[in-house]
>>> print(open('query-v7.txt').read())   # compact mmCIF, C-alpha atoms
# COMPACT_ATOMS: atom_id res chain seq x y z
CA MET F 427 -159.85 234.50 68.56
CA SER F 428 -160.30 237.66 70.65
CA GLU F 429 -157.42 239.98 71.47
CA ASP F 430 -157.52 238.84 75.13
CA LEU F 431 -157.12 235.22 74.13
CA LYS F 432 -154.35 236.05 71.71
CA GLU F 433 -152.54 237.88 74.50
CA GLU F 434 -153.13 234.92 76.85
CA MET F 435 -151.74 232.52 74.25
CA ARG F 436 -148.73 234.75 73.68
CA LYS F 437 -147.96 234.73 77.43
CA LEU F 438 -148.35 230.98 77.65
CA LYS F 439 -146.01 230.50 74.70
CA GLU F 440 -143.48 232.74 76.42
CA GLU F 441 -143.75 230.73 79.62
CA MET F 442 -143.36 227.50 77.70
CA ALA F 443 -140.24 228.90 76.04
CA GLY F 444 -138.96 229.80 79.53
CA LEU F 445 -139.61 226.27 80.74
CA LYS F 446 -137.74 224.94 77.74
CA ASP F 447 -134.77 227.16 78.60
CA GLN F 448 -134.78 225.86 82.16
CA LEU F 449 -134.72 222.32 80.84
CA LYS F 450 -131.80 223.22 78.65
CA ASP F 451 -130.02 224.59 81.73
CA MET F 452 -130.75 221.34 83.49
CA ALA F 453 -129.34 219.34 80.62
CA ALA F 454 -126.33 221.56 80.07
CA GLY F 455 -125.53 221.65 83.78
CA GLU F 456 -123.43 224.75 83.55
CA GLY F 457 -126.19 227.15 84.57
CA VAL F 458 -127.19 224.82 87.36
CA ALA F 459 -123.64 224.66 88.61
CA LYS F 460 -123.41 228.41 88.83
CA ARG F 461 -126.65 228.78 90.72
CA ARG F 462 -126.69 225.79 93.00
CA GLY F 463 -123.15 224.56 93.28
CA LEU F 464 -123.95 221.39 91.37
CA TYR F 465 -122.25 220.13 88.30
CA ILE F 466 -123.78 217.70 85.91
CA ASP F 467 -122.67 217.70 82.33
CA MET F 468 -124.91 215.45 80.31
CA GLY F 469 -123.67 216.80 77.01
CA ASN F 470 -125.65 218.13 74.07
CA SER F 471 -127.40 214.84 73.48
CA VAL F 472 -129.54 215.10 76.61
CA GLN F 473 -130.31 218.66 75.62
CA ASP F 474 -131.51 217.32 72.28
CA TYR F 475 -133.58 214.72 74.08
CA VAL F 476 -135.20 217.34 76.32
CA ASP F 477 -135.85 219.43 73.22
CA ASP F 478 -137.55 216.41 71.66
CA VAL F 479 -139.82 215.96 74.68
CA MET F 480 -140.74 219.64 74.73
CA GLN F 481 -141.19 219.71 70.98
CA GLY F 482 -143.61 216.79 71.20
CA VAL F 483 -145.59 218.51 73.91
CA ALA F 484 -145.60 221.81 72.02
CA GLU F 485 -146.85 220.10 68.87
CA GLY F 486 -149.59 218.42 70.89
CA VAL F 487 -150.70 221.76 72.31
CA HIS F 488 -150.54 223.80 69.13
CA GLY F 489 -151.87 221.11 66.83
CA GLU F 490 -155.03 220.46 68.79
CA LEU F 491 -155.70 223.72 70.54
CA ASP F 492 -158.21 224.91 67.96
CA LYS F 493 -160.67 222.16 68.72
CA SER F 494 -160.04 221.92 72.41
CA ILE F 495 -160.18 223.78 75.66
CA PHE F 496 -158.38 226.66 77.20
CA ILE F 497 -158.27 227.13 80.93
CA GLY F 498 -157.53 230.63 82.01
CA PRO F 499 -157.62 232.09 85.50
CA GLY F 500 -161.38 232.60 85.11
CA GLY F 501 -162.30 229.03 84.20
CA PHE F 502 -162.79 227.01 81.04
CA ARG F 503 -163.42 228.20 77.55
CA ILE F 504 -164.16 225.79 74.76
CA TRP F 505 -163.55 226.10 71.06
CA ARG F 506 -165.69 223.82 69.01
CA ARG F 507 -163.94 224.45 65.71
CA GLY F 508 -163.32 221.07 64.13
CA GLY F 509 -165.38 219.35 66.82
CA PRO F 510 -169.00 218.25 66.56
CA HIS F 511 -171.88 220.69 66.73
CA ARG F 512 -174.26 220.58 69.67
CA ASP F 513 -176.91 218.78 67.59
CA GLU F 514 -174.44 216.03 66.77
CA GLU F 515 -173.50 215.71 70.43
CA GLU F 516 -177.12 215.10 71.36
CA GLU F 517 -177.05 212.00 69.17
CA VAL F 518 -174.15 210.46 71.05
CA GLU F 519 -175.37 207.52 73.10
CA VAL F 520 -175.72 208.34 76.78
CA ASN F 521 -173.98 205.90 79.09
CA PHE F 522 -176.52 205.83 81.93
CA GLU F 523 -174.54 203.27 83.86
CA LYS F 524 -171.48 205.52 84.01
CA ILE F 525 -173.55 208.54 84.90
CA ALA F 526 -175.33 206.64 87.66
CA LYS F 527 -172.03 205.44 89.07
CA ALA F 528 -170.60 208.95 89.11
CA MET F 529 -173.75 210.40 90.69
CA SER F 530 -173.81 207.59 93.22
CA ALA F 531 -170.27 208.51 94.26
CA LEU F 532 -171.55 212.00 95.01
CA GLY F 533 -174.57 210.71 96.92
CA GLU F 534 -173.00 210.52 100.36
CA GLU F 535 -172.43 213.35 102.79
CA HIS F 536 -168.90 212.35 103.81
CA ARG F 537 -167.80 212.04 100.20
CA LEU F 538 -169.06 215.53 99.43
CA LYS F 539 -167.19 216.82 102.49
CA ILE F 540 -164.03 215.07 101.27
CA LEU F 541 -164.34 216.74 97.87
CA ARG F 542 -164.91 220.12 99.50
CA ALA F 543 -161.84 219.66 101.72
CA LEU F 544 -159.70 218.70 98.72
CA MET F 545 -160.87 221.72 96.71
CA SER F 546 -158.45 223.86 98.71
CA GLY F 547 -155.46 221.54 98.13
CA GLY F 548 -154.10 218.02 98.52
CA ARG F 549 -154.52 216.28 101.88
CA TYR F 550 -153.04 213.29 103.65
CA ILE F 551 -155.57 210.85 105.06
CA ASN F 552 -154.94 211.94 108.66
CA GLU F 553 -155.52 215.56 107.70
CA LEU F 554 -158.81 214.61 106.06
CA GLN F 555 -159.81 212.60 109.11
CA GLU F 556 -159.10 215.58 111.35
CA GLU F 557 -161.00 217.93 109.06
CA LEU F 558 -164.04 215.71 108.72
CA GLY F 559 -164.14 214.70 112.39
CA GLY F 560 -165.90 211.65 113.81
CA ILE F 561 -164.98 209.27 111.02
CA THR F 562 -162.84 206.16 111.32
CA THR F 563 -159.82 205.62 109.07
CA SER F 564 -161.39 202.56 107.47
CA THR F 565 -164.65 204.37 106.65
CA LEU F 566 -162.71 207.31 105.26
CA SER F 567 -160.56 204.95 103.18
CA SER F 568 -163.59 203.25 101.70
CA HIS F 569 -165.12 206.63 100.75
CA LEU F 570 -161.83 207.65 99.16
CA ASP F 571 -161.78 204.36 97.23
CA VAL F 572 -165.23 205.12 95.80
CA LEU F 573 -164.17 208.62 94.78
CA GLU F 574 -160.94 207.32 93.29
CA GLU F 575 -162.73 204.60 91.32
CA VAL F 576 -164.94 207.07 89.48
CA GLY F 577 -162.00 209.42 88.95
CA PHE F 578 -163.03 212.28 91.25
CA VAL F 579 -159.92 211.84 93.39
CA VAL F 580 -156.39 210.67 92.65
CA GLN F 581 -153.80 209.57 95.19
CA GLU F 582 -150.13 210.40 94.80
CA LYS F 583 -148.40 207.06 95.24
CA VAL F 584 -145.12 208.40 96.59
CA ARG F 585 -146.32 210.91 99.17
CA GLY F 586 -149.78 209.45 99.66
CA ARG F 587 -151.65 212.76 99.39
CA TYR F 588 -155.13 212.78 97.92
CA LEU F 589 -155.96 215.34 95.23
CA VAL F 590 -159.28 216.29 93.71
CA THR F 591 -159.26 215.80 89.94
CA MET F 592 -160.72 218.08 87.32
CA PRO F 593 -163.87 215.90 86.98
CA GLY F 594 -164.14 215.74 90.79
CA ARG F 595 -164.04 219.50 91.10
CA THR F 596 -166.56 219.86 88.28
CA ALA F 597 -168.88 217.27 89.86
CA TYR F 598 -168.81 219.00 93.25
CA LYS F 599 -169.55 222.38 91.70
CA MET F 600 -172.31 220.87 89.59
CA ALA F 601 -173.92 219.25 92.66
CA ARG F 602 -173.88 222.56 94.49
CA LYS F 603 -175.34 224.31 91.47
CA VAL F 604 -178.20 221.79 91.23
CA VAL F 605 -179.01 222.26 94.91
CA ARG F 606 -178.99 226.04 94.50
CA PHE F 607 -181.45 225.70 91.60
CA LEU F 608 -183.67 223.43 93.70
CA GLU F 609 -183.56 225.80 96.65
CA ALA F 610 -184.38 228.77 94.43
CA GLY F 611 -187.28 226.79 92.89
CA SER F 612 -188.77 225.86 96.26
CA GLU F 613 -188.73 229.48 97.37
CA GLU F 614 -190.84 230.58 94.40
CA MET Q 123 -118.77 208.57 74.19
CA TRP Q 124 -121.02 205.72 75.22
CA ARG Q 125 -118.83 203.13 73.47
CA ASN Q 126 -116.12 203.93 76.04
CA TYR Q 127 -118.29 202.58 78.83
CA GLU Q 128 -117.52 199.08 79.98
CA LEU Q 129 -118.82 196.61 82.52
CA ASP Q 130 -116.92 195.64 85.62
CA ASP Q 131 -116.10 191.94 85.96
CA LYS Q 132 -117.81 191.47 89.34
CA VAL Q 133 -121.45 190.66 90.04
CA LEU Q 134 -122.82 192.37 93.14
CA GLU Q 135 -125.84 191.32 95.14
CA LEU Q 136 -128.22 193.34 97.30
CA ASP Q 137 -128.34 192.30 100.97
CA GLU Q 138 -131.79 193.67 101.75
CA ASP Q 139 -134.62 195.65 100.21
CA MET Q 140 -133.55 199.22 99.58
CA THR Q 141 -134.83 202.53 98.30
CA LEU Q 142 -132.57 203.54 95.45
CA TYR Q 143 -134.13 206.97 95.01
CA ARG Q 144 -136.93 208.87 96.69
CA SER Q 145 -138.30 212.35 96.24
CA ASP Q 146 -141.79 213.88 96.47
CA LYS Q 147 -142.76 212.47 93.09
CA VAL Q 148 -140.38 209.61 92.34
CA LEU Q 149 -139.64 206.35 94.09
CA VAL Q 150 -137.31 203.60 92.91
CA ASN Q 151 -137.15 200.51 95.13
CA LEU Q 152 -134.98 197.43 94.76
CA ASN Q 153 -135.76 194.04 96.23
CA LYS Q 154 -133.31 191.93 98.18
CA GLY Q 155 -131.32 189.66 95.89
CA THR Q 156 -131.13 192.14 93.01
CA ARG Q 157 -127.80 191.88 91.23
CA ALA Q 158 -125.80 194.79 89.93
CA ILE Q 159 -122.80 195.31 87.68
CA VAL Q 160 -120.77 198.49 87.80
CA VAL Q 161 -120.50 200.52 84.60
CA LYS Q 162 -117.09 202.12 84.22
CA ARG Q 163 -115.42 204.59 81.97
CA LYS Q 164 -111.70 205.07 82.04
CA ASP Q 165 -111.62 203.07 85.29
CA ARG Q 166 -114.05 205.44 86.97
CA MET Q 167 -117.43 204.19 88.22
CA GLU Q 168 -120.13 205.95 86.21
CA GLY Q 169 -123.22 203.91 87.00
CA LEU Q 170 -124.80 200.54 87.63
CA VAL Q 171 -126.83 198.04 85.66
CA PHE Q 172 -129.42 196.38 87.91
CA LEU Q 173 -130.80 192.91 87.26
CA GLY Q 174 -133.53 191.72 89.55
CA HIS Q 175 -136.78 193.05 90.89
CA GLY Q 176 -137.96 196.40 92.10
CA ARG Q 177 -140.57 199.04 91.66
CA LEU Q 178 -140.70 202.39 89.94
CA ILE Q 179 -143.31 205.00 90.81
CA VAL Q 180 -143.49 208.41 89.19
CA ASP Q 181 -146.40 210.61 90.24
CA THR Q 182 -147.13 211.86 86.75
CA ILE Q 183 -149.85 214.17 88.01
CA VAL Q 184 -150.18 217.85 87.28
CA GLU Q 185 -152.03 220.02 89.80
CA THR Q 186 -153.96 222.89 88.27
CA GLU Q 187 -156.36 225.50 89.63
CA ASN Q 188 -159.14 223.39 88.15
CA GLY Q 189 -158.14 220.07 89.64
CA ALA Q 190 -155.46 217.44 89.19
CA LEU Q 191 -154.82 215.72 85.87
CA GLY Q 192 -153.00 212.49 85.17
CA LYS Q 193 -152.39 209.50 87.39
CA PRO Q 194 -149.33 207.85 88.90
CA THR Q 195 -147.12 205.71 86.69
CA GLU Q 196 -146.25 202.48 88.49
CA ARG Q 197 -144.08 199.73 87.12
CA GLU Q 198 -142.57 196.50 88.38
CA LEU Q 199 -138.89 196.48 87.47
CA SER Q 200 -138.12 192.98 86.32
CA ASP Q 201 -136.10 193.86 83.22
CA PRO Q 202 -132.53 195.16 83.49
CA PHE Q 203 -132.17 198.88 84.01
CA LEU Q 204 -129.32 201.33 84.15
CA MET Q 205 -128.55 204.15 86.53
CA LEU Q 206 -125.90 206.72 85.61
CA GLY Q 207 -124.68 209.02 88.37
CA PRO Q 208 -123.02 208.68 91.78
CA VAL Q 209 -122.95 205.05 92.88
CA GLU Q 210 -120.89 205.08 96.08
CA ASP Q 211 -123.86 205.26 98.51
CA THR Q 212 -125.74 202.58 96.60
CA LEU Q 213 -122.76 200.24 96.57
CA GLN Q 214 -122.71 200.18 100.37
CA HIS Q 215 -125.88 198.05 100.24
CA PHE Q 216 -124.32 195.49 97.90
CA LYS Q 217 -121.79 192.75 98.46
CA GLU Q 218 -119.90 190.74 95.90
CA ALA Q 219 -121.98 187.78 94.79
CA ASN Q 220 -120.51 184.39 95.42
CA LYS Q 221 -120.34 182.25 92.26
CA GLU Q 222 -121.48 179.15 94.16
CA ASP Q 223 -124.44 181.06 95.62
CA LEU Q 224 -125.41 182.20 92.15
CA GLN Q 225 -125.18 178.64 90.84
CA ARG Q 226 -127.21 177.34 93.78
CA ASN Q 227 -129.93 179.80 92.77
CA GLY Q 228 -129.75 178.61 89.17
CA VAL Q 229 -128.10 181.79 87.92
CA LYS Q 230 -125.08 181.89 85.63
CA ALA Q 231 -122.85 184.93 85.97
CA GLU Q 232 -122.37 184.85 82.19
CA ASP Q 233 -126.12 185.27 81.68
CA LEU Q 234 -126.11 188.34 83.91
CA PHE Q 235 -123.24 189.88 81.95
CA ASP Q 236 -125.03 189.09 78.68
CA LYS Q 237 -128.21 190.81 79.87
CA ALA Q 238 -126.26 193.82 81.14
CA GLN Q 239 -124.31 193.98 77.90
CA ASN Q 240 -127.56 193.82 75.90
CA LEU Q 241 -128.84 196.84 77.78
CA VAL Q 242 -125.60 198.68 77.17
CA ASP Q 243 -125.83 197.78 73.48
CA LYS Q 244 -129.38 199.11 73.34
CA LEU Q 245 -128.05 202.44 74.49
CA GLN Q 246 -125.76 202.72 71.52
CA GLY Q 247 -126.98 205.58 69.44
CA ARG Q 248 -129.57 206.72 71.99
CA ARG Q 249 -129.18 210.44 71.93
CA ALA Q 250 -130.29 210.93 75.52
CA LEU Q 251 -127.52 208.87 77.01
CA CYS Q 252 -124.77 208.18 74.55
CA SER Q 253 -122.61 211.11 75.56
CA PHE Q 254 -123.54 211.27 79.23
CA SER Q 255 -120.50 212.11 81.29
CA CYS Q 256 -120.37 212.60 85.03
CA HIS Q 257 -118.24 214.72 87.29
CA ASN Q 258 -117.39 214.06 90.89
CA GLU Q 259 -119.56 216.85 92.27
CA GLN Q 260 -122.67 216.04 90.28
CA LYS Q 261 -125.88 214.93 91.95
CA GLY Q 262 -128.02 214.23 88.92
CA LEU Q 263 -129.17 210.76 87.94
CA VAL Q 264 -130.25 209.26 84.65
CA PHE Q 265 -132.20 206.01 84.59
CA ALA Q 266 -132.82 203.94 81.47
CA PHE Q 267 -135.35 201.12 81.76
CA ALA Q 268 -135.48 198.36 79.18
CA THR Q 269 -139.02 197.41 78.21
CA ASP Q 270 -140.63 194.39 76.57
CA GLU Q 271 -141.02 196.26 73.32
CA ASP Q 272 -137.33 196.85 72.83
CA ARG Q 273 -137.73 200.46 73.88
CA LEU Q 274 -136.04 202.43 76.62
CA ASP Q 275 -137.93 204.52 79.14
CA VAL Q 276 -135.83 207.37 80.45
CA LEU Q 277 -135.97 209.19 83.77
CA VAL Q 278 -133.71 212.20 84.40
CA LEU Q 279 -133.51 213.54 87.96
CA ASN Q 280 -131.60 216.58 89.03
CA ASP Q 281 -132.34 218.21 92.35
CA SER Q 282 -136.15 218.54 92.35
CA ARG Q 283 -136.36 218.50 88.57
CA ILE Q 284 -137.84 215.54 86.78
CA VAL Q 285 -138.02 214.51 83.15
CA PHE Q 286 -139.74 211.18 82.52
CA LYS Q 287 -140.39 209.73 79.09
CA SER Q 288 -142.00 206.39 78.51
CA LYS Q 289 -144.41 204.97 75.94
CA GLY Q 290 -147.51 207.11 76.10
CA VAL Q 291 -146.31 209.39 78.90
CA SER Q 292 -144.02 212.42 78.85
CA PHE Q 293 -143.71 214.31 82.12
CA VAL Q 294 -141.62 217.30 83.08
CA SER Q 295 -141.66 218.94 86.51
CA ILE Q 296 -139.51 221.92 87.43
CA GLY Q 297 -140.58 223.91 90.45
CA ASN Q 298 -143.98 225.45 89.71
CA HIS Q 299 -143.88 224.34 86.10
CA SER Q 300 -145.23 220.99 84.95
CA VAL Q 301 -145.96 219.42 81.61
CA LEU Q 302 -147.76 216.13 81.10
CA LYS Q 303 -148.51 214.50 77.80
CA ASN Q 304 -150.22 211.13 77.72
CA THR Q 305 -152.49 209.28 75.35
CA ASP Q 306 -155.55 211.27 76.48
CA GLN Q 307 -154.34 214.76 77.04
CA VAL Q 308 -151.66 217.40 77.12
CA VAL Q 309 -151.42 219.60 80.22
CA LEU Q 310 -149.13 222.54 80.72
CA ALA Q 311 -149.24 224.19 84.16
CA THR Q 312 -147.08 227.12 85.02
CA ASN Q 313 -147.39 229.56 87.92
CA GLY Q 314 -151.03 228.80 88.62
CA ARG Q 315 -152.12 228.99 84.99
CA SER Q 316 -152.68 226.00 82.81
CA VAL Q 317 -153.52 224.78 79.37
CA PHE Q 318 -155.35 221.49 79.01
CA VAL Q 319 -155.86 219.87 75.65
CA ARG Q 320 -157.91 216.71 75.44
CA ARG Q 321 -157.58 214.48 72.41
CA PRO Q 322 -160.44 214.96 69.92
CA SER Q 323 -161.82 211.45 70.39
CA HIS Q 324 -162.68 212.36 73.98
CA HIS Q 325 -164.08 215.83 73.48
CA ASN Q 326 -167.61 214.76 74.21
CA GLN Q 327 -166.63 214.07 77.80
CA VAL Q 328 -165.58 217.63 78.41
CA CYS Q 329 -167.51 219.77 80.86
CA CYS Q 330 -167.59 223.51 80.82
CA LEU Q 331 -167.66 225.27 84.16
CA CYS Q 332 -168.39 228.74 82.91
CA CYS Q 333 -171.46 228.11 80.80
>>> encode(input="query-v7.txt", output="structure tokens")
Amino acid sequence: MSEDLKEEMRKLKEEMAGLKDQLKDMAAGEGVAKRRGLYIDMGNSVQDYVDDVMQGVAEGVHGELDKSIFIGPGGFRIWRRGGPHRDEEEEVEVNFEKIAKAMSALGEEHRLKILRALMSGGRYINELQEELGGITTSTLSSHLDVLEEVGFVVQEKVRGRYLVTMPGRTAYKMARKVVRFLEAGSEE
Amino acid sequence: MWRNYELDDKVLELDEDMTLYRSDKVLVNLNKGTRAIVVKRKDRMEGLVFLGHGRLIVDTIVETENGALGKPTERELSDPFLMLGPVEDTLQHFKEANKEDLQRNGVKAEDLFDKAQNLVDKLQGRRALCSFSCHNEQKGLVFAFATDEDRLDVLVLNDSRIVFKSKGVSFVSIGNHSVLKNTDQVVLATNGRSVFVRRPSHHNQVCCLCC
């Protein structure tokens, strides 16, 4: 692991410890009372419970980090330690049906525009309609359904906002990249 | 201590559909006809056990710079559940259930008390709730939902802070900090930075943006 990554990990661990402290404040109530005029004393047992939750999450992160992904401000980095080598990955059966479904979801101008709009943050349906212009609510809803079904978009059920997911963002970027390659090829 | 909690002797009934709790990420709805029994400690109202139907939604989604992760947790509330915290506002929507009305609907008050008592018994020894104690000024709420598998799902709400723990999903949201752990992944997002760990069985589905 490079020095940069070690430093990044150290910062993240610090932030996680900070989050844990805030949860303890929340459970203990006393700190909250001082800052916000609230008082809720849930006793040490809730604090223990919160500790349990955070401990579980921390174990999940630390236990599997070596063979997983790190997302820093600059994008993804992948460690393959413990995971399969590239050659082994090639042997994994390709699910053409799933790929075709995902690509099909991208194969419509409005849906690409929806993804682009959501790249800059969550949107309510009326905001999307305004941004896209000239599209009825029912058409927009059906496009959102398609994107949601393949997992490119997720809707918050309480507020109703639509958010682009990590695969959705990746798919949009990939589509743009492919087009750039094609355009560069046609110019040669 | 939890063993000092006791149930009131009245069964209450909800007049109309109501929203028990709503914030940006959490919604708890109750359907008309839901019954409730007040939980007391030293003659002070500390919470309610609800018996009826409703809906729980927690948007267990973490937004990161690289896209959202997770999906909403939605659940029909048909098993008894407990709410600890201020109950005065909620009680305004309830009226005392008439024994004859209950009987007409094929419901025995004793059965309701048994179910509520079972939930209370399940809480015995649960570290999260057994020493919960409220004060008059407090705004925080703790929900405990009984599940089919004899487990309890717990939701703690205080101001805009959320801790939700159910089978397969742990979610914490405090301001700009969020943590989500489910069966597929662990996500930690804090101040625009995030760590995402996908379970090894799914690593072949991972895409890399930078290569």
>>> residues_near_point(input="query-v7.txt", point="(-133.2, 207.5, 86.1)", cutoff="7 Å", atoms="only C-alpha atoms", output="list of chain:residue names")
Q:Met205, Q:Leu263, Q:Val264, Q:Phe265, Q:Ala266, Q:Val276, Q:Leu277, Q:Val278, Q:Leu279
>>> atom_distance(input="query-v7.txt", atom1="CA of Val160 in chain Q", atom2="CA of Val209 in chain Q")
8.6 Å
>>> atom_distance(input="query-v7.txt", atom1="CA of Glu232 in chain Q", atom2="CA of Tyr143 in chain Q")
28.1 Å
>>> closest_residue(input="query-v7.txt", among="Q:Val180, Q:Ala219, Q:Leu204, Q:Leu199", to="chain F", atoms="all atoms listed in the file")
Q:Val180
>>> closest_residue(input="query-v7.txt", among="F:Leu438, F:His536, F:Val576, F:Arg549", to="chain Q", atoms="only C-alpha atoms")
F:Leu438
>>> residues_around(input="query-v7.txt", residues="Ser295 in chain Q", least_positions_apart="2", cutoff="9 Å", atoms="only C-alpha atoms", output="count of residues only")
14
>>> closest_residue(input="query-v7.txt", among="Q:Lys221, Q:Lys287, Q:Lys162, Q:Arg197", to="chain F", atoms="all atoms listed in the file")
Q:Lys287
>>> atom_distance(input="query-v7.txt", atom1="CA of Lys217 in chain Q", atom2="CA of Asp137 in chain Q")
7.0 Å
>>> closest_residue(input="query-v7.txt", among="F:Glu609, F:Glu535, F:Glu582, F:Glu523", to="chain Q", atoms="all atoms listed in the file")
F:Glu582
>>> closest_residue(input="query-v7.txt", among="F:Lys527, F:Leu558, F:Gly547, F:Phe607", to="chain Q", atoms="only C-alpha atoms")
F:Gly547
>>> closest_residue(input="query-v7.txt", among="F:Leu541, F:Val605, F:Ala443, F:Val590", to="Asn188 in chain Q", atoms="only C-alpha atoms")
F:Val590
>>> build_atoms(input="query-v7.txt", residues="range 582-600 of chain F", atoms="N, CA and C atoms", output="mmCIF file, keeping the file's coordinate frame")
data_model
loop_
_atom_site.group_PDB
_atom_site.id
_atom_site.type_symbol
_atom_site.label_atom_id
_atom_site.label_comp_id
_atom_site.auth_asym_id
_atom_site.auth_seq_id
_atom_site.Cartn_x
_atom_site.Cartn_y
_atom_site.Cartn_z
ATOM 1 N N GLU F 582 -151.553 210.445 95.154
ATOM 2 C CA GLU F 582 -150.130 210.400 94.800
ATOM 3 C C GLU F 582 -149.546 209.154 95.457
ATOM 4 N N LYS F 583 -148.874 208.328 94.686
ATOM 5 C CA LYS F 583 -148.400 207.060 95.240
ATOM 6 C C LYS F 583 -147.126 207.219 96.075
ATOM 7 N N VAL F 584 -146.360 208.247 95.820
ATOM 8 C CA VAL F 584 -145.120 208.400 96.590
ATOM 9 C C VAL F 584 -145.404 209.049 97.938
ATOM 10 N N ARG F 585 -146.050 210.210 97.918
ATOM 11 C CA ARG F 585 -146.320 210.910 99.170
ATOM 12 C C ARG F 585 -147.594 210.443 99.861
ATOM 13 N N GLY F 586 -148.533 209.939 99.082
ATOM 14 C CA GLY F 586 -149.780 209.450 99.660
ATOM 15 C C GLY F 586 -150.879 210.493 99.764
ATOM 16 N N ARG F 587 -150.612 211.715 99.317
ATOM 17 C CA ARG F 587 -151.650 212.760 99.390
ATOM 18 C C ARG F 587 -152.790 212.446 98.427
ATOM 19 N N TYR F 588 -153.974 212.880 98.816
ATOM 20 C CA TYR F 588 -155.130 212.780 97.920
ATOM 21 C C TYR F 588 -155.376 214.131 97.276
ATOM 22 N N LEU F 589 -155.695 214.106 95.978
ATOM 23 C CA LEU F 589 -155.960 215.340 95.230
ATOM 24 C C LEU F 589 -157.315 215.211 94.550
ATOM 25 N N VAL F 590 -158.039 216.320 94.481
ATOM 26 C CA VAL F 590 -159.280 216.290 93.710
ATOM 27 C C VAL F 590 -158.905 216.466 92.241
ATOM 28 N N THR F 591 -159.567 215.709 91.376
ATOM 29 C CA THR F 591 -159.260 215.800 89.940
ATOM 30 C C THR F 591 -160.149 216.869 89.296
ATOM 31 N N MET F 592 -159.882 217.108 88.032
ATOM 32 C CA MET F 592 -160.720 218.080 87.320
ATOM 33 C C MET F 592 -162.189 217.617 87.274
ATOM 34 N N PRO F 593 -162.475 216.340 86.938
ATOM 35 C CA PRO F 593 -163.870 215.900 86.980
ATOM 36 C C PRO F 593 -164.467 215.978 88.393
ATOM 37 N N GLY F 594 -163.666 215.690 89.405
ATOM 38 C CA GLY F 594 -164.140 215.740 90.790
ATOM 39 C C GLY F 594 -164.567 217.142 91.188
ATOM 40 N N ARG F 595 -163.745 218.100 90.797
ATOM 41 C CA ARG F 595 -164.040 219.500 91.100
ATOM 42 C C ARG F 595 -165.313 219.937 90.361
ATOM 43 N N THR F 596 -165.388 219.508 89.098
ATOM 44 C CA THR F 596 -166.560 219.860 88.280
ATOM 45 C C THR F 596 -167.830 219.243 88.890
ATOM 46 N N ALA F 597 -167.714 217.975 89.313
ATOM 47 C CA ALA F 597 -168.880 217.270 89.860
ATOM 48 C C ALA F 597 -169.367 217.954 91.144
ATOM 49 N N TYR F 598 -168.429 218.345 91.995
ATOM 50 C CA TYR F 598 -168.810 219.000 93.250
ATOM 51 C C TYR F 598 -169.515 220.322 92.967
ATOM 52 N N LYS F 599 -168.947 221.080 92.043
ATOM 53 C CA LYS F 599 -169.550 222.380 91.700
ATOM 54 C C LYS F 599 -170.940 222.186 91.092
ATOM 55 N N MET F 600 -171.033 221.142 90.235
ATOM 56 C CA MET F 600 -172.310 220.870 89.590
ATOM 57 C C MET F 600 -173.366 220.505 90.644
#
